[in-house]
file entry_6.cif (mmCIF, C-alpha atoms)
data_final
loop_
_atom_site.label_atom_id
_atom_site.label_comp_id
_atom_site.auth_asym_id
_atom_site.auth_seq_id
_atom_site.Cartn_x
_atom_site.Cartn_y
_atom_site.Cartn_z
CA MET A 216 -205.17 -5.71 -138.96
CA GLU A 217 -203.24 -7.58 -141.64
CA LEU A 218 -202.66 -4.33 -143.50
CA MET A 219 -201.17 -2.70 -140.40
CA GLU A 220 -198.90 -5.69 -139.83
CA LYS A 221 -197.71 -5.53 -143.43
CA ILE A 222 -196.98 -1.82 -143.08
CA GLU A 223 -195.06 -2.40 -139.85
CA THR A 224 -193.11 -5.26 -141.44
CA THR A 225 -192.28 -3.12 -144.46
CA GLU A 226 -191.09 -0.27 -142.24
CA LEU A 227 -188.97 -2.66 -140.19
CA MET A 228 -187.35 -4.06 -143.33
CA GLU A 229 -186.56 -0.54 -144.53
CA HIS A 230 -184.86 0.21 -141.22
CA VAL A 231 -182.88 -3.04 -141.45
CA LYS A 232 -181.84 -2.23 -145.03
CA SER A 233 -180.67 1.23 -143.98
CA ALA A 234 -178.73 -0.22 -141.05
CA VAL A 235 -177.05 -2.79 -143.32
CA LYS A 236 -176.07 -0.09 -145.84
CA ILE A 237 -174.62 2.09 -143.09
CA PHE A 238 -172.71 -0.77 -141.49
CA LYS A 239 -171.40 -2.00 -144.85
CA LEU A 240 -170.08 1.46 -145.66
CA LEU A 241 -168.50 1.78 -142.23
CA ILE A 242 -166.80 -1.60 -142.61
CA SER A 243 -165.41 -0.47 -145.95
CA ASN A 244 -164.42 3.13 -145.13
CA GLY A 245 -164.26 3.28 -141.34
CA GLU A 246 -166.38 6.43 -141.35
CA LEU A 247 -169.46 8.02 -142.89
CA ASN A 248 -169.98 11.77 -142.96
CA LYS A 249 -173.11 13.84 -143.43
CA ARG A 250 -171.64 15.89 -146.28
CA GLU A 251 -171.02 12.90 -148.59
CA TYR A 252 -173.79 10.60 -147.40
CA ALA A 253 -176.56 12.92 -146.29
CA PHE A 254 -179.38 10.40 -146.75
CA LEU A 255 -177.66 7.54 -144.90
CA TYR A 256 -176.59 9.89 -142.13
CA SER A 257 -180.19 11.06 -141.70
CA GLU A 258 -181.30 7.43 -141.66
CA TYR A 259 -178.82 6.72 -138.85
CA LEU A 260 -180.54 9.34 -136.72
CA GLU A 261 -183.71 7.23 -136.76
CA THR A 262 -184.12 5.39 -133.46
CA GLU A 263 -185.19 2.18 -135.18
CA VAL A 264 -182.07 2.14 -137.37
CA GLN A 265 -179.84 2.66 -134.33
CA GLU A 266 -181.56 -0.25 -132.60
CA VAL A 267 -180.64 -2.55 -135.50
CA LEU A 268 -177.08 -1.19 -135.55
CA SER A 269 -176.75 -1.86 -131.82
CA ILE A 270 -177.20 -5.57 -132.60
CA PHE A 271 -174.39 -5.35 -135.17
CA GLU A 272 -172.19 -3.61 -132.59
CA GLU A 273 -172.68 -6.44 -130.13
CA GLU A 274 -172.18 -9.23 -132.66
CA PHE A 275 -169.16 -7.66 -134.37
CA GLU A 276 -167.53 -6.39 -131.14
CA CYS A 277 -167.39 -2.77 -132.22
CA LYS A 278 -168.85 0.65 -131.54
CA ILE A 279 -170.38 3.24 -133.86
CA LEU A 280 -169.59 6.76 -132.70
CA ASN A 281 -171.21 9.97 -133.92
CA PHE A 282 -169.09 13.12 -133.65
CA GLU A 283 -169.29 16.36 -135.60
CA ASP A 284 -171.68 14.98 -138.25
CA THR A 285 -169.49 11.94 -138.90
CA LEU A 286 -170.01 8.30 -137.95
CA TYR A 287 -166.94 6.27 -137.00
CA LEU A 288 -166.66 2.50 -136.68
CA VAL A 289 -164.15 1.50 -134.02
CA PRO A 290 -163.38 -2.01 -132.76
CA ASN A 291 -163.66 -2.79 -129.08
CA ILE A 292 -160.27 -2.90 -127.37
CA SER A 293 -160.45 -6.70 -127.15
CA SER A 294 -162.15 -7.29 -130.51
CA GLN A 295 -161.11 -10.48 -132.30
CA ILE A 296 -163.37 -9.77 -135.28
CA ILE A 297 -162.92 -6.26 -136.66
CA GLY A 298 -159.68 -5.45 -134.82
CA ILE A 299 -156.50 -6.03 -136.82
CA GLN A 300 -154.74 -9.23 -135.80
CA PRO A 301 -150.93 -9.80 -135.71
CA GLY A 302 -150.95 -12.11 -138.71
CA GLU A 303 -152.51 -9.41 -140.87
CA LEU A 304 -149.85 -6.87 -139.89
CA ARG A 305 -146.73 -8.89 -140.68
CA ARG A 306 -146.85 -7.82 -144.32
CA TYR A 307 -146.12 -4.23 -143.28
CA PHE A 308 -142.80 -5.24 -141.74
CA GLY A 309 -141.35 -7.25 -144.64
CA SER A 310 -141.64 -10.72 -146.12
CA SER A 311 -139.52 -12.29 -143.36
CA ALA A 312 -141.31 -10.55 -140.49
CA THR A 313 -142.55 -12.56 -137.53
CA ASN A 314 -145.08 -11.83 -134.82
CA LYS A 315 -142.20 -10.44 -132.74
CA ASP A 316 -141.81 -7.63 -135.28
CA VAL A 317 -145.53 -6.96 -134.99
CA TYR A 318 -145.31 -6.83 -131.18
CA LEU A 319 -142.57 -4.21 -131.49
CA GLY A 320 -144.84 -2.34 -133.89
CA TYR A 321 -147.64 -2.45 -131.33
CA TYR A 322 -145.31 -1.05 -128.67
CA ILE A 323 -144.18 1.80 -130.93
CA MET A 324 -147.78 2.56 -131.87
CA MET A 325 -148.81 2.72 -128.21
CA PHE A 326 -145.85 4.97 -127.45
CA ILE A 327 -146.74 7.29 -130.34
CA PHE A 328 -150.28 7.59 -128.98
CA TYR A 329 -148.88 8.27 -125.53
CA GLN A 330 -146.62 11.00 -126.90
CA PHE A 331 -149.55 12.71 -128.60
CA TYR A 332 -152.34 12.22 -126.07
CA SER A 333 -150.97 12.15 -122.53
CA GLY A 334 -151.54 15.81 -121.73
CA LYS A 335 -152.88 16.63 -118.28
CA ASN A 336 -154.82 19.72 -119.30
CA LYS A 337 -158.40 19.88 -120.56
CA ASP A 338 -157.19 18.89 -124.02
CA PRO A 339 -155.13 15.67 -123.75
CA LYS A 340 -153.36 16.28 -127.07
CA LYS A 341 -150.04 17.84 -126.13
CA THR A 342 -148.25 18.18 -129.48
CA ASP A 343 -149.09 18.64 -133.15
CA PHE A 344 -146.26 16.49 -134.46
CA ILE A 345 -143.44 14.16 -133.45
CA GLN A 346 -140.05 14.25 -135.14
CA ILE A 347 -139.00 10.72 -136.13
CA ASN A 348 -135.42 11.22 -134.94
CA HIS A 349 -136.70 12.47 -131.58
CA LEU A 350 -139.00 9.45 -131.31
CA ILE A 351 -136.04 7.15 -131.97
CA ASP A 352 -134.04 8.85 -129.21
CA GLN A 353 -136.88 8.38 -126.75
CA LEU A 354 -137.36 4.73 -127.68
CA ASP A 355 -133.60 4.15 -127.38
CA GLU A 356 -133.67 5.60 -123.89
CA ARG A 357 -136.64 3.50 -122.80
CA PHE A 358 -135.39 0.23 -124.23
CA GLU A 359 -131.90 0.80 -122.83
CA ARG A 360 -133.36 1.27 -119.36
CA LEU A 361 -135.61 -1.78 -119.74
CA ARG A 362 -132.68 -3.87 -120.96
CA LYS A 363 -130.92 -3.32 -117.64
CA MET A 364 -133.78 -4.94 -115.72
CA SER A 365 -133.59 -8.53 -114.59
CA ARG A 366 -135.40 -11.26 -116.47
CA GLU A 367 -137.79 -11.64 -113.53
CA GLU A 368 -138.65 -7.93 -113.62
CA ILE A 369 -139.31 -8.03 -117.36
CA GLU A 370 -141.47 -11.14 -117.04
CA HIS A 371 -143.48 -9.44 -114.30
CA LEU A 372 -144.09 -6.37 -116.49
CA GLU A 373 -145.04 -8.59 -119.43
CA GLU A 374 -147.61 -10.36 -117.28
CA VAL A 375 -149.04 -7.14 -115.86
CA TYR A 376 -149.32 -5.25 -119.16
CA SER A 377 -149.65 -8.12 -121.67
CA VAL A 378 -146.79 -6.67 -123.71
CA ASN A 379 -143.99 -8.82 -125.16
CA LEU A 380 -141.22 -6.61 -123.81
CA ALA A 381 -138.30 -9.04 -124.07
CA SER A 382 -138.60 -9.48 -127.83
CA CYS A 383 -139.26 -5.75 -128.34
CA ILE A 384 -136.06 -4.87 -126.48
CA ASP A 385 -134.02 -7.48 -128.32
CA ILE A 386 -135.16 -6.45 -131.81
CA TRP A 387 -134.98 -2.68 -131.28
CA MET A 388 -131.55 -2.62 -129.65
CA ASN A 389 -130.06 -4.65 -132.51
CA LEU A 390 -131.33 -2.38 -135.27
CA LEU A 391 -129.39 0.36 -137.02
CA VAL A 392 -131.05 3.77 -137.04
CA ASP A 393 -131.16 3.75 -140.84
CA HIS A 394 -129.26 2.21 -143.75
CA GLU A 395 -129.90 2.22 -147.48
CA SER A 396 -129.24 -1.49 -147.92
CA ARG A 397 -131.10 -2.70 -144.82
CA ARG A 398 -134.77 -3.55 -145.05
CA LYS A 399 -135.20 -3.44 -141.29
CA THR A 400 -134.00 -0.35 -139.43
CA LYS A 401 -135.42 1.81 -136.66
CA VAL A 402 -136.61 4.39 -139.16
CA LYS A 403 -138.23 1.77 -141.40
CA ILE A 404 -140.00 0.11 -138.45
CA ILE A 405 -141.49 3.46 -137.46
CA GLU A 406 -142.47 4.21 -141.06
CA SER A 407 -144.20 0.82 -141.23
CA VAL A 408 -146.15 1.56 -138.05
CA VAL A 409 -147.28 4.93 -139.39
CA LYS A 410 -148.19 3.26 -142.71
CA ILE A 411 -150.68 1.09 -140.81
CA LEU A 412 -152.12 4.21 -139.18
CA GLU A 413 -152.19 6.07 -142.49
CA GLU A 414 -154.17 3.32 -144.21
CA ASN A 415 -156.74 3.68 -141.45
CA ASN A 416 -156.76 7.48 -141.82
CA LEU A 417 -155.25 7.98 -138.35
CA ALA A 418 -151.78 9.45 -138.92
CA TYR A 419 -149.22 10.23 -141.62
CA ILE A 420 -145.62 11.37 -142.13
CA VAL A 421 -144.62 14.67 -143.71
CA GLU A 422 -141.05 16.04 -143.69
CA ASN A 423 -139.94 13.40 -141.16
CA GLN A 424 -142.72 14.42 -138.81
CA ILE A 425 -145.55 12.18 -137.63
CA ARG A 426 -148.86 14.01 -137.61
CA THR A 427 -152.32 12.86 -136.60
CA THR A 428 -155.59 13.15 -138.49
CA LYS A 429 -158.80 14.71 -137.30
CA LYS A 430 -160.25 11.21 -137.06
CA LEU A 431 -157.61 10.02 -134.59
CA ASP A 432 -157.91 13.21 -132.54
CA ILE A 433 -161.65 12.70 -132.19
CA LEU A 434 -161.45 8.98 -131.41
CA MET A 435 -158.74 9.43 -128.79
CA ARG A 436 -160.36 12.40 -127.09
CA GLN A 437 -163.91 11.08 -127.16
CA TYR A 438 -163.49 7.32 -126.83
CA TYR A 439 -160.18 5.50 -126.45
CA LEU A 440 -158.69 7.63 -123.68
CA ASN A 441 -161.61 6.58 -121.51
CA ALA A 442 -160.86 2.88 -122.06
CA GLU A 443 -159.30 1.11 -119.09
CA ARG A 444 -156.66 -0.65 -121.21
CA VAL A 445 -155.45 2.61 -122.80
CA ALA A 446 -155.37 4.36 -119.42
CA GLN A 447 -153.34 1.48 -117.98
CA ILE A 448 -150.74 1.63 -120.78
CA ASN A 449 -150.45 5.43 -120.60
CA GLU A 450 -149.93 5.27 -116.85
CA ALA A 451 -147.24 2.61 -117.38
CA PHE A 452 -145.40 4.86 -119.83
CA GLU A 453 -145.76 7.75 -117.38
CA ARG A 454 -144.23 5.73 -114.54
CA GLY A 455 -141.52 4.29 -116.75
CA ASP A 456 -142.76 0.70 -116.44
CA LEU A 457 -142.86 0.46 -120.23
#

call {"tool": "encode", "arguments": {"input": "entry_6.cif", "output": "structure tokens"}}
result
Amino acid sequence: MELMEKIETTELMEHVKSAVKIFKLLISNGELNKREYAFLYSEYLETEVQEVLSIFEEEFECKILNFEDTLYLVPNISSQIIGIQPGELRRYFGSSATNKDVYLGYYIMMFIFYQFYSGKNKDPKKTDFIQINHLIDQLDERFERLRKMSREEIEHLEEVYSVNLASCIDIWMNLLVDHESRRKTKVKIIESVVKILEENNLAYIVENQIRTTKKLDILMRQYYLNAERVAQINEAFERGDL
């Protein structure tokens, strides 16, 4: 009896060790693929290892997704643990950046996602790239329209969508499109947003075009587009509320 208990305990510890190794790698890299980590990937397929990882998911407010022989670690929409917080993002927008700059960055990021993944067909991805100058024109148009709203209307939209619209409008409409001697311009703000995405292997810029990675395509199609918060924001962009 004691021997069986020892064997079971040893097996449990091996499953825990495997789960810890997998989670540690996911925390570090954001993903784990079968080609590079064949043994750990095979360990993940064990039911007992997944049971341990499910505890990590709950405690760390995240989700481990398995698509096309690759594991992805994604934070829950409301995660305060693994999700990137405003204070961490200020460095991308310059030494004098405030949370208001970060909120504008969030808005631009949401709009970029909307531009890529708001298709109504079977595949929600509706374009392979976005020209930066075209994105600026679209943001100009949206912020100009929002600027004409009353303060009460803006406050109502801010409350409904939890988006700091007033500061986003104010900052964006007072920026130059681009300037060699200016640290903060519309182009540089967009480049900073994409830099955040690039460091998370989600998007990148090539020849003034924003392009998405396979990782972002998979996560949006298979996970985030089903989230209530993302659906709400996309519908708001569609209606012109944001």

call {"tool": "closest_residue", "arguments": {"input": "entry_6.cif", "among": "A:Asp432, A:Glu406, A:Glu368, A:Glu450", "to": "Pro339 (chain A)", "atoms": "all atoms listed in the file"}}
result
A:Asp432

call {"tool": "resolve_selection", "arguments": {"input": "entry_6.cif", "expression": "the PyMOL selection byres ((chain A and resi 289) around 10)", "output": "short mmCIF file (atom, residue, chain, number, x, y, z; two decimals) with C-alpha atoms, keeping the file's coordinate frame"}}
result
data_model
loop_
_atom_site.label_atom_id
_atom_site.label_comp_id
_atom_site.auth_asym_id
_atom_site.auth_seq_id
_atom_site.Cartn_x
_atom_site.Cartn_y
_atom_site.Cartn_z
CA LEU A 241 -168.50 1.78 -142.23
CA ILE A 242 -166.80 -1.60 -142.61
CA GLY A 245 -164.26 3.28 -141.34
CA GLU A 246 -166.38 6.43 -141.35
CA GLU A 272 -172.19 -3.61 -132.59
CA GLU A 276 -167.53 -6.39 -131.14
CA CYS A 277 -167.39 -2.77 -132.22
CA LYS A 278 -168.85 0.65 -131.54
CA ILE A 279 -170.38 3.24 -133.86
CA LEU A 280 -169.59 6.76 -132.70
CA LEU A 286 -170.01 8.30 -137.95
CA TYR A 287 -166.94 6.27 -137.00
CA LEU A 288 -166.66 2.50 -136.68
CA PRO A 290 -163.38 -2.01 -132.76
CA ASN A 291 -163.66 -2.79 -129.08
CA ILE A 292 -160.27 -2.90 -127.37
CA SER A 294 -162.15 -7.29 -130.51
CA ILE A 297 -162.92 -6.26 -136.66
CA GLY A 298 -159.68 -5.45 -134.82
CA LEU A 434 -161.45 8.98 -131.41
CA TYR A 438 -163.49 7.32 -126.83
CA TYR A 439 -160.18 5.50 -126.45
#

call {"tool": "closest_residue", "arguments": {"input": "entry_6.cif", "among": "A:Leu227, A:Ile405, A:Ile425, A:Leu440", "to": "Gln346 (chain A)", "atoms": "only C-alpha atoms"}}
result
A:Ile425

call {"tool": "residues_around", "arguments": {"input": "entry_6.cif", "residues": "Thr342 (chain A)", "least_positions_apart": "2", "cutoff": "7 Å", "atoms": "all atoms listed in the file", "output": "number ranges by chain"}}
result
A: 331, 340, 344

call {"tool": "atom_distance", "arguments": {"input": "entry_6.cif", "atom1": "CA of Leu457 (chain A)", "atom2": "CA of Met388 (chain A)"}}
result
15.0 Å

call {"tool": "resolve_selection", "arguments": {"input": "entry_6.cif", "expression": "the PyMOL selection byres ((chain A and resi 378) around 12)", "output": "ChimeraX atom specification"}}
result
/A:315,317-323,325,369-377,379-384,444,447-448,451,456-457

call {"tool": "atom_distance", "arguments": {"input": "entry_6.cif", "atom1": "CA of Arg436 (chain A)", "atom2": "CA of Ser257 (chain A)"}}
result
24.7 Å

call {"tool": "atom_distance", "arguments": {"input": "entry_6.cif", "atom1": "CA of His394 (chain A)", "atom2": "CA of Arg426 (chain A)"}}
result
23.7 Å

call {"tool": "resolve_selection", "arguments": {"input": "entry_6.cif", "expression": "the PyMOL selection byres ((chain A and resi 235) around 12)", "output": "list in words"}}
result
Met228, Glu229, His230, Val231, Lys232, Ser233, Ala234, Lys236, Ile237, Phe238, Lys239, Leu240, Leu241, Ile242, Leu255, Glu258, Tyr259, Val264, Gln265, Glu266, Val267, Leu268, Ser269, Ile270, Phe271 and Glu272 of chain A

call {"tool": "closest_residue", "arguments": {"input": "entry_6.cif", "among": "A:Arg357, A:Lys399, A:Phe275, A:Thr285", "to": "Lys430 (chain A)", "atoms": "only C-alpha atoms"}}
result
A:Thr285

call {"tool": "residues_near_point", "arguments": {"input": "entry_6.cif", "point": "(-141.3, -6.5, -144.8)", "cutoff": "12 Å", "atoms": "only C-alpha atoms", "output": "ChimeraX atom specification"}}
result
/A:304-314,316-317,397-400,403-404,406-408

call {"tool": "decode", "arguments": {"input": "entry_6.cif", "residues": "region 236-345 of chain A", "atoms": "C-alpha atoms", "output": "JSON list (two decimals), in the first residue's frame"}}
result
[["chain", "number", "residue", "atom", "x", "y", "z"],
["A", 236, "LYS", "CA", 8.00, 24.01, -16.89],
["A", 237, "ILE", "CA", 5.27, 24.58, -19.47],
["A", 238, "PHE", "CA", 3.80, 27.55, -17.64],
["A", 239, "LYS", "CA", 7.23, 29.09, -17.03],
["A", 240, "LEU", "CA", 8.04, 28.87, -20.73],
["A", 241, "LEU", "CA", 4.67, 30.33, -21.68],
["A", 242, "ILE", "CA", 5.17, 33.23, -19.26],
["A", 243, "SER", "CA", 8.55, 33.90, -20.85],
["A", 244, "ASN", "CA", 7.72, 33.39, -24.54],
["A", 245, "GLY", "CA", 3.94, 33.63, -24.76],
["A", 246, "GLU", "CA", 3.81, 30.42, -26.78],
["A", 247, "LEU", "CA", 5.20, 26.90, -26.98],
["A", 248, "ASN", "CA", 5.20, 24.90, -30.20],
["A", 249, "LYS", "CA", 5.51, 21.19, -30.83],
["A", 250, "ARG", "CA", 8.39, 21.58, -33.29],
["A", 251, "GLU", "CA", 10.76, 23.26, -30.80],
["A", 252, "TYR", "CA", 9.49, 21.71, -27.58],
["A", 253, "ALA", "CA", 8.23, 18.28, -28.59],
["A", 254, "PHE", "CA", 8.62, 16.71, -25.13],
["A", 255, "LEU", "CA", 6.88, 19.51, -23.22],
["A", 256, "TYR", "CA", 4.12, 19.66, -25.82],
["A", 257, "SER", "CA", 3.53, 15.92, -25.43],
["A", 258, "GLU", "CA", 3.49, 16.38, -21.66],
["A", 259, "TYR", "CA", 0.80, 19.05, -22.03],
["A", 260, "LEU", "CA", -1.44, 16.51, -23.73],
["A", 261, "GLU", "CA", -1.50, 14.47, -20.52],
["A", 262, "THR", "CA", -4.79, 14.98, -18.69],
["A", 263, "GLU", "CA", -3.06, 15.23, -15.31],
["A", 264, "VAL", "CA", -0.75, 18.00, -16.53],
["A", 265, "GLN", "CA", -3.70, 19.96, -17.91],
["A", 266, "GLU", "CA", -5.45, 19.64, -14.56],
["A", 267, "VAL", "CA", -2.49, 21.28, -12.83],
["A", 268, "LEU", "CA", -2.31, 23.98, -15.50],
["A", 269, "SER", "CA", -6.01, 24.72, -15.04],
["A", 270, "ILE", "CA", -5.20, 25.77, -11.46],
["A", 271, "PHE", "CA", -2.52, 28.14, -12.80],
["A", 272, "GLU", "CA", -5.03, 29.55, -15.28],
["A", 273, "GLU", "CA", -7.47, 30.36, -12.50],
["A", 274, "GLU", "CA", -4.88, 31.84, -10.15],
["A", 275, "PHE", "CA", -3.07, 33.89, -12.80],
["A", 276, "GLU", "CA", -6.25, 35.01, -14.63],
["A", 277, "CYS", "CA", -5.22, 33.62, -17.99],
["A", 278, "LYS", "CA", -6.01, 30.93, -20.53],
["A", 279, "ILE", "CA", -3.79, 28.39, -22.28],
["A", 280, "LEU", "CA", -4.96, 27.74, -25.82],
["A", 281, "ASN", "CA", -3.86, 24.91, -28.09],
["A", 282, "PHE", "CA", -4.09, 25.58, -31.83],
["A", 283, "GLU", "CA", -2.19, 24.00, -34.70],
["A", 284, "ASP", "CA", 0.37, 22.25, -32.47],
["A", 285, "THR", "CA", 1.16, 25.46, -30.58],
["A", 286, "LEU", "CA", 0.24, 26.50, -27.04],
["A", 287, "TYR", "CA", -0.55, 30.17, -26.42],
["A", 288, "LEU", "CA", -0.81, 31.96, -23.09],
["A", 289, "VAL", "CA", -3.35, 34.77, -23.20],
["A", 290, "PRO", "CA", -4.53, 36.95, -20.31],
["A", 291, "ASN", "CA", -8.20, 37.17, -19.49],
["A", 292, "ILE", "CA", -9.76, 40.39, -20.77],
["A", 293, "SER", "CA", -9.93, 41.77, -17.22],
["A", 294, "SER", "CA", -6.65, 40.31, -15.98],
["A", 295, "GLN", "CA", -4.76, 42.47, -13.48],
["A", 296, "ILE", "CA", -1.89, 39.99, -13.20],
["A", 297, "ILE", "CA", -0.55, 38.92, -16.59],
["A", 298, "GLY", "CA", -2.26, 41.63, -18.65],
["A", 299, "ILE", "CA", -0.13, 44.69, -19.40],
["A", 300, "GLN", "CA", -1.02, 47.64, -17.19],
["A", 301, "PRO", "CA", -0.95, 51.35, -18.21],
["A", 302, "GLY", "CA", 2.08, 52.13, -16.08],
["A", 303, "GLU", "CA", 4.13, 49.52, -17.91],
["A", 304, "LEU", "CA", 3.23, 50.97, -21.32],
["A", 305, "ARG", "CA", 4.17, 54.60, -20.72],
["A", 306, "ARG", "CA", 7.79, 53.90, -21.64],
["A", 307, "TYR", "CA", 6.73, 53.16, -25.23],
["A", 308, "PHE", "CA", 5.34, 56.67, -25.65],
["A", 309, "GLY", "CA", 8.33, 58.68, -24.39],
["A", 310, "SER", "CA", 9.84, 59.75, -21.09],
["A", 311, "SER", "CA", 7.20, 62.44, -20.52],
["A", 312, "ALA", "CA", 4.24, 60.23, -21.40],
["A", 313, "THR", "CA", 1.25, 60.04, -19.07],
["A", 314, "ASN", "CA", -1.57, 57.55, -18.72],
["A", 315, "LYS", "CA", -3.55, 59.71, -21.17],
["A", 316, "ASP", "CA", -1.03, 58.82, -23.89],
["A", 317, "VAL", "CA", -1.49, 55.16, -22.99],
["A", 318, "TYR", "CA", -5.28, 55.48, -23.22],
["A", 319, "LEU", "CA", -4.90, 56.91, -26.72],
["A", 320, "GLY", "CA", -2.62, 53.98, -27.51],
["A", 321, "TYR", "CA", -5.30, 51.57, -26.28],
["A", 322, "TYR", "CA", -7.87, 53.25, -28.51],
["A", 323, "ILE", "CA", -5.61, 53.03, -31.57],
["A", 324, "MET", "CA", -4.83, 49.40, -30.80],
["A", 325, "MET", "CA", -8.53, 48.55, -30.54],
["A", 326, "PHE", "CA", -9.20, 50.37, -33.80],
["A", 327, "ILE", "CA", -6.39, 48.50, -35.56],
["A", 328, "PHE", "CA", -7.89, 45.20, -34.40],
["A", 329, "TYR", "CA", -11.29, 46.36, -35.61],
["A", 330, "GLN", "CA", -9.87, 47.25, -39.01],
["A", 331, "PHE", "CA", -8.32, 43.82, -39.39],
["A", 332, "TYR", "CA", -10.95, 41.58, -37.82],
["A", 333, "SER", "CA", -14.43, 43.01, -38.32],
["A", 334, "GLY", "CA", -15.31, 41.04, -41.43],
["A", 335, "LYS", "CA", -18.83, 39.63, -41.66],
["A", 336, "ASN", "CA", -17.93, 36.57, -43.69],
["A", 337, "LYS", "CA", -16.82, 33.18, -42.38],
["A", 338, "ASP", "CA", -13.30, 34.53, -41.96],
["A", 339, "PRO", "CA", -13.43, 37.73, -39.85],
["A", 340, "LYS", "CA", -10.05, 38.96, -41.11],
["A", 341, "LYS", "CA", -10.88, 41.40, -43.88],
["A", 342, "THR", "CA", -7.47, 42.75, -44.91],
["A", 343, "ASP", "CA", -3.84, 41.64, -44.97],
["A", 344, "PHE", "CA", -2.38, 45.04, -44.15],
["A", 345, "ILE", "CA", -3.24, 48.60, -43.16]]
